[in-house]
Amino acid sequence: MDSSALMGSTILEPSADLEFESHEAAYAFYKEYAKSAGFGTAKLSSRRSRASKEFIDAKFSCIRYGNKQQSDDAINPRPSPKIGCKASMHVKRRQDGKWYVYCFVKEHNHELLPAQAHFFRSHRSSDPLSNDVRMRRRKNSTGVSKLFSAYQNVDCLENFMKHHDKGQSLVLEAGHAQLLLELFMHMQEENPKFFYAVDLNEEHRLRNVFWVDAKGLEDFPFFADVVSLDTTYFTSKYKIPLVLFIGVNHHIQPKLLGCALVADETIYTFAWLLQTWFIAMGERAPQVILTDQNEAIKAAVAAVLPETRHCFCLWHVLEKIPKHLQFLCSWHDSFMEKFNKCIYKSWTEEEFEKRWWKLVDRFNIRDDEWVQSLYDDRMCWVPTFQRDISFAGLSTSSRSDSLNSLFDNYVRIDTSLKEFIEQYRVILEDRHEEEAKANFDAWHETPELKSPSPFEKQMLLVYTHEIYRKFQVEVLGAAACHLKKENDGLTAAYTVKDLENSQSYVVEWNTSNSDISCSCRSFEYKGYLCRHAIVVLQMSGVFSIPPKYILQRWTNAALSRHPIGDKLEEVQSKVRRFNDLCRRAIILGEEGSLSQESYFIALGAITDAFKRCANLNSVENDVRPDASATHVVSNVEEEYQSIIASNNKAPDPRLNASNKAVRTGRDIVTTENDEGNQGKVLQLELANGKDAFQQMDLTDPRSHNVIPMQFHSMVPTLFHNVSSTPFHHTAASAHLHDNRLPR
């Protein structure tokens with residue numbers, strides 16, 4: 001039987017009736033069989049003819065064939081996968097040149113892993129940008145295997161390792177890695193949902209590390225439309241190689257959605273980082289991700305987040321012009337004038353193409369490599385090609401105007417890791433305090449109307465204060481716009497002259513589907529309609545903003561689980577009811593606090609009212625009660641009962657702080673090593689006087705089969721090499737099912 005007929009179909013077991021053209025073809029067949037069975041392979045031996053010098057004999061085996069042969073006093077003993085397995089295939093060459101199976105041993109003395117077979121070195125692809133990168137994520141039965149599959153089925157990550165400098169590691173000052181671990185442990189102790197993951201190189205040294213606080217995890221689903229991956233601190237050679245994931249909330253405030261320290265800017269590093277962040281966010285990808293123009297990031301985003309629209313921050317592109325086009329310094333002003341006209345005022349793709357080639361020919365930069373890359377990546381940064389997305393204010397023409405720049409107040413070029421760790425809590429506290437204040441103002445204060453415009457009245461109690469004030473500027477600015485209708489039809493075109501800046505803009509309005517777009521790109525970049533669109537609506541007899549142009553992320557209902565759609569009046573009514581209840585609650589609080597008896601009456605009334613409201617709302621929505629609401633009801637009842645009990649029971653003097661349960665920090669790490677000892681799960685413990693976080697011993701028997709308490713139902717790091725035993729037992733552990741984190 002010809003073995004080539006079996007390739008690409010179901011792989012059969014080796015048998016005596018198989019024939020091969022060469023011993024390499026035989027080995028290729030054995031590799032395919034091994035991959036389907038779930039083990040790695042190795043070329044054990046081969047023999048040539050003394051007369052012809054041609055190969056006449058070859059033997060291939062399981063990677064665990066034989067026994068470890070190494071001196072016990074070796075200085076740096078390398079882990080070995082060999083455990084005495086006998087599985088092998090022996091082939092010989094006939095007189096006619098064909099090869100046949102002389103001997104085949106099928107039985108193994110270890111577990112086979114067909115689902116993880118691609119992790120074995122013998123089955124890895126050598127092309128890091130292969131078109132057949134598989135992004136399938138198997139939905140396994142248990143929580144651990146479900147989330148672990150998000151790593152194990154991204155074949156490109158192993159392929160990237162082929163082109164990765166395995167010796168790279170973070171350069172940290174003595175003791176700083178330990179400070180980082182202590183931060184993680186303290187943050188986790190305060191909130192078990194705090195997420196962190198580390199990546200170790202083959203020398204067991206820290207290579208990459210990622211973390212995100214619990215609030216970032218909780219808020220991401222509401223603001224998953226656009227995220228910025230800011231590598232400025234790393235690429236600008238700051239003292240700490242810091243990378244930030246930044247989002248924006250409904251008050252136009254930056255949200256810290258993750259931090260990372262990275263050793264380099266290779267495809268592997270960014271693929272690991274994006275995949276780890278993706279896992280942390282519950283396997284939910286953003287609609288848009290903004291990054292620097294970087295080939296490694298571009299490849300990683302395409303592989304890990306294929307459904308996400310990848311765009312470049314506009315200011316990243318603009319700030320590189322002086323560096324890459326230094327020879328145009330004497331023509332800079334003239335060039336920028338033409339360049340800005342090309343990218344900002346090209347209404348159609350045809351206009352952009354015409355202006356672009358005219359620009360590059362005029363300044364003789366058609367053959368410049370960077371200019372060519374800008375054109376090739378035009379879909380990622382030119383506003384003309386981004387009419388269907390919104391950047392929520394994260395993409396600006398200069399960094400100083402961007403929300404990302406707010407973090408410059410905390411990170412300087414000479415900031416050490418120790419200083420940043422101290423600042424990290426300050427960053428979180430400042431962000432949370434600003435958001436809490438904005439939320440309070442949004443629910444307790446009503447903005448002032450500045451005109452009789454129906455658009456302004458429509459959005460009064462819908463938009464948050466910050467967005468409403470910016471929208472007001474556009475409504476008032478519409479009075480300074482003069483429009484001219486260019487053509488009729490299903491889609492009418494208008495030229496709008498803005499008298500404030502003496503610029504003209506093109507607005508297209510489709511009456512059938514209420515589509516409106518303006519060449520100023522305000523909606524795309526800011527998320528609300530501009531004055532030019534508003535004046536066109538007004539002159540067309542439309543006196544309310546079409547619902548599709550009211551982004552929920554900018555409204556007071558941004559954190560609602562239910563889309564507002566066109567039910568804006570419900571949002572307005574909710575604001576009014578909330579304000580009324582708050583006023584009444586303050587009165588009740590003042591009256592109820594006058595005595596112990598009145599306090600119990602008020603507390604009991606609040607507990608009963610909250611329970612009844614939660615039950616009523618769950619019935620009306622025909623869903624089960626919200627878990628968070630149930631949790632609050634339970635907390636109120638427990639607090640009520642504990643207060644009553646505390647008044648009937650004297651405090652026990654024996655109770656003190658020493659009785660508190662202390663949890664040690666734990667983590668799961670990524671390692672590089674020989675097969676058989678790869679991807680082990682570690683339990684990290686604070687060691688007295690030891691910087692154990694930066695260099696870890698994977699041979700510690702305490703480190704096996706441990707899942708970190710913060711991830712009872714998920715595996716948070718990227719396992720590009722997997723040890724079979726730990727994960728087999730982890731997935732089946734009853735401990736995991738009993739202690740799974742609530743979703």
# chains A, B, ... in the order shown; residues from 1 in each chain; ligands from 1
$ select_by_dssp --residues "range 168-394 of chain A" --states "strand (DSSP E or B)" --output "PyMOL selection string"
chain A and resi 195-200+205-212+226-230+242-248+254-261+288-291+309-312
$ residues_around --residues "range 243-259 of chain A" --least-positions-apart "5" --cutoff "7 Å" --atoms "only C-alpha atoms" --output "count of residues only"
22
$ residues_around --residues "Arg387 in chain A" --least-positions-apart "4" --cutoff "9 Å" --atoms "only C-alpha atoms" --output "VMD selection string"
chain A and resid 383 517 521 523 to 524
$ write_last_selection --atoms "C-alpha atoms" --output "short mmCIF file (atom, residue, chain, number, x, y, z; two decimals), in the first residue's frame"
data_model
loop_
_atom_site.label_atom_id
_atom_site.label_comp_id
_atom_site.auth_asym_id
_atom_site.auth_seq_id
_atom_site.Cartn_x
_atom_site.Cartn_y
_atom_site.Cartn_z
CA PRO A 383 -10.10 58.66 8.07
CA SER A 517 -22.19 61.42 7.52
CA ARG A 521 -15.46 62.77 10.91
CA PHE A 523 -18.96 61.05 14.87
CA GLU A 524 -16.23 58.56 13.97
#
$ select_by_dssp --residues "range 251-305 of chain A" --states "alpha helix (DSSP H)" --output "VMD selection string"
chain A and resid 267 to 280 295 to 304
$ residues_around --residues "range 499-502 of chain A" --least-positions-apart "3" --cutoff "8 Å" --atoms "only C-alpha atoms" --output "list in words"
Ala480, Cys481 and His482 of chain A
$ residues_around --residues "Lys35 in chain A" --least-positions-apart "4" --cutoff "10 Å" --atoms "only C-alpha atoms" --output "number ranges by chain"
A: 11, 29-31, 39-41, 112-120, 122-123
$ residues_around --residues "Ala16 in chain A" --least-positions-apart "6" --cutoff "7 Å" --atoms "only C-alpha atoms" --output "count of residues only"
3
$ closest_residue --among "A:Cys520, A:Cys311, A:Ile606, A:Val475" --to "Ile545 in chain A" --atoms "only C-alpha atoms"
A:Val475
$ residues_around --residues "Lys237 in chain A" --least-positions-apart "4" --cutoff "12 Å" --atoms "only C-alpha atoms" --output "ChimeraX atom specification"
/A:231-233,241-243,263-264,412-415
$ write_last_selection --atoms "C-alpha atoms" --output "PDB file, in the first residue's frame"
ATOM      1  CA  THR A 231       3.416  50.973  23.784  1.00  0.00           C
ATOM      2  CA  THR A 232       4.771  54.547  24.046  1.00  0.00           C
ATOM      3  CA  TYR A 233       6.674  53.991  27.282  1.00  0.00           C
ATOM      4  CA  PRO A 241       9.188  48.641  29.660  1.00  0.00           C
ATOM      5  CA  LEU A 242       5.538  49.427  30.319  1.00  0.00           C
ATOM      6  CA  VAL A 243       2.625  48.638  27.992  1.00  0.00           C
ATOM      7  CA  ALA A 263      11.110  42.095  27.345  1.00  0.00           C
ATOM      8  CA  ASP A 264      10.988  42.867  23.614  1.00  0.00           C
ATOM      9  CA  ARG A 412       8.230  59.694  33.643  1.00  0.00           C
ATOM     10  CA  ILE A 413      11.158  58.564  31.553  1.00  0.00           C
ATOM     11  CA  ASP A 414      13.222  57.892  34.704  1.00  0.00           C
ATOM     12  CA  THR A 415      10.445  56.311  36.782  1.00  0.00           C
TER      13      THR A 415
END
$ closest_residue --among "A:Trp331, A:Ser522, A:Arg378, A:Ser36" --to "Thr396 in chain A" --atoms "only C-alpha atoms"
A:Ser522
$ atom_distance --atom1 "CA of Gly282 in chain A" --atom2 "CA of Pro192 in chain A"
15.4 Å
$ closest_residue --among "A:Ile586, A:Asn439, A:Phe55, A:Pro81" --to "Gln95 in chain A" --atoms "only C-alpha atoms"
A:Phe55
$ decode --residues "range 379-392 of chain A" --atoms "N, CA, C and O atoms" --output "compact mmCIF listing (two decimals), in the first residue's frame"
# COMPACT_ATOMS: atom_id res chain seq x y z
N MET A 379 -5.81 51.51 5.19
CA MET A 379 -7.08 51.12 5.79
C MET A 379 -7.05 51.23 7.31
O MET A 379 -8.10 51.32 7.96
N CYS A 380 -5.84 51.26 7.88
CA CYS A 380 -5.69 51.26 9.33
C CYS A 380 -5.62 52.66 9.94
O CYS A 380 -5.70 52.78 11.17
N TRP A 381 -5.46 53.71 9.12
CA TRP A 381 -5.27 55.02 9.75
C TRP A 381 -5.90 56.20 9.01
O TRP A 381 -6.15 57.24 9.62
N VAL A 382 -6.16 56.07 7.72
CA VAL A 382 -6.72 57.19 6.96
C VAL A 382 -8.21 57.31 7.26
O VAL A 382 -8.96 56.34 7.08
N PRO A 383 -8.68 58.48 7.71
CA PRO A 383 -10.10 58.66 8.07
C PRO A 383 -11.07 58.29 6.94
O PRO A 383 -12.18 57.84 7.22
N THR A 384 -10.65 58.48 5.70
CA THR A 384 -11.53 58.17 4.56
C THR A 384 -12.00 56.72 4.59
O THR A 384 -13.12 56.42 4.18
N PHE A 385 -11.16 55.83 5.10
CA PHE A 385 -11.47 54.40 5.09
C PHE A 385 -12.06 53.93 6.43
O PHE A 385 -12.20 52.73 6.66
N GLN A 386 -12.41 54.87 7.31
CA GLN A 386 -12.88 54.50 8.65
C GLN A 386 -14.23 55.13 8.98
O GLN A 386 -14.49 55.52 10.11
N ARG A 387 -15.08 55.20 8.00
CA ARG A 387 -16.37 55.87 8.18
C ARG A 387 -17.36 55.05 9.00
O ARG A 387 -18.35 55.55 9.49
N ASP A 388 -17.12 53.76 9.12
CA ASP A 388 -18.09 52.88 9.75
C ASP A 388 -17.74 52.53 11.20
O ASP A 388 -18.33 51.62 11.79
N ILE A 389 -16.76 53.22 11.81
CA ILE A 389 -16.36 52.89 13.18
C ILE A 389 -16.26 54.16 14.01
O ILE A 389 -16.23 55.27 13.48
N SER A 390 -16.22 53.96 15.33
CA SER A 390 -16.06 55.10 16.25
C SER A 390 -14.89 54.81 17.18
O SER A 390 -14.72 53.70 17.67
N PHE A 391 -14.08 55.85 17.42
CA PHE A 391 -12.91 55.70 18.27
C PHE A 391 -13.13 56.23 19.68
O PHE A 391 -12.22 56.19 20.51
N ALA A 392 -14.31 56.74 19.97
CA ALA A 392 -14.65 57.21 21.32
C ALA A 392 -13.61 58.17 21.90
O ALA A 392 -13.34 58.15 23.09
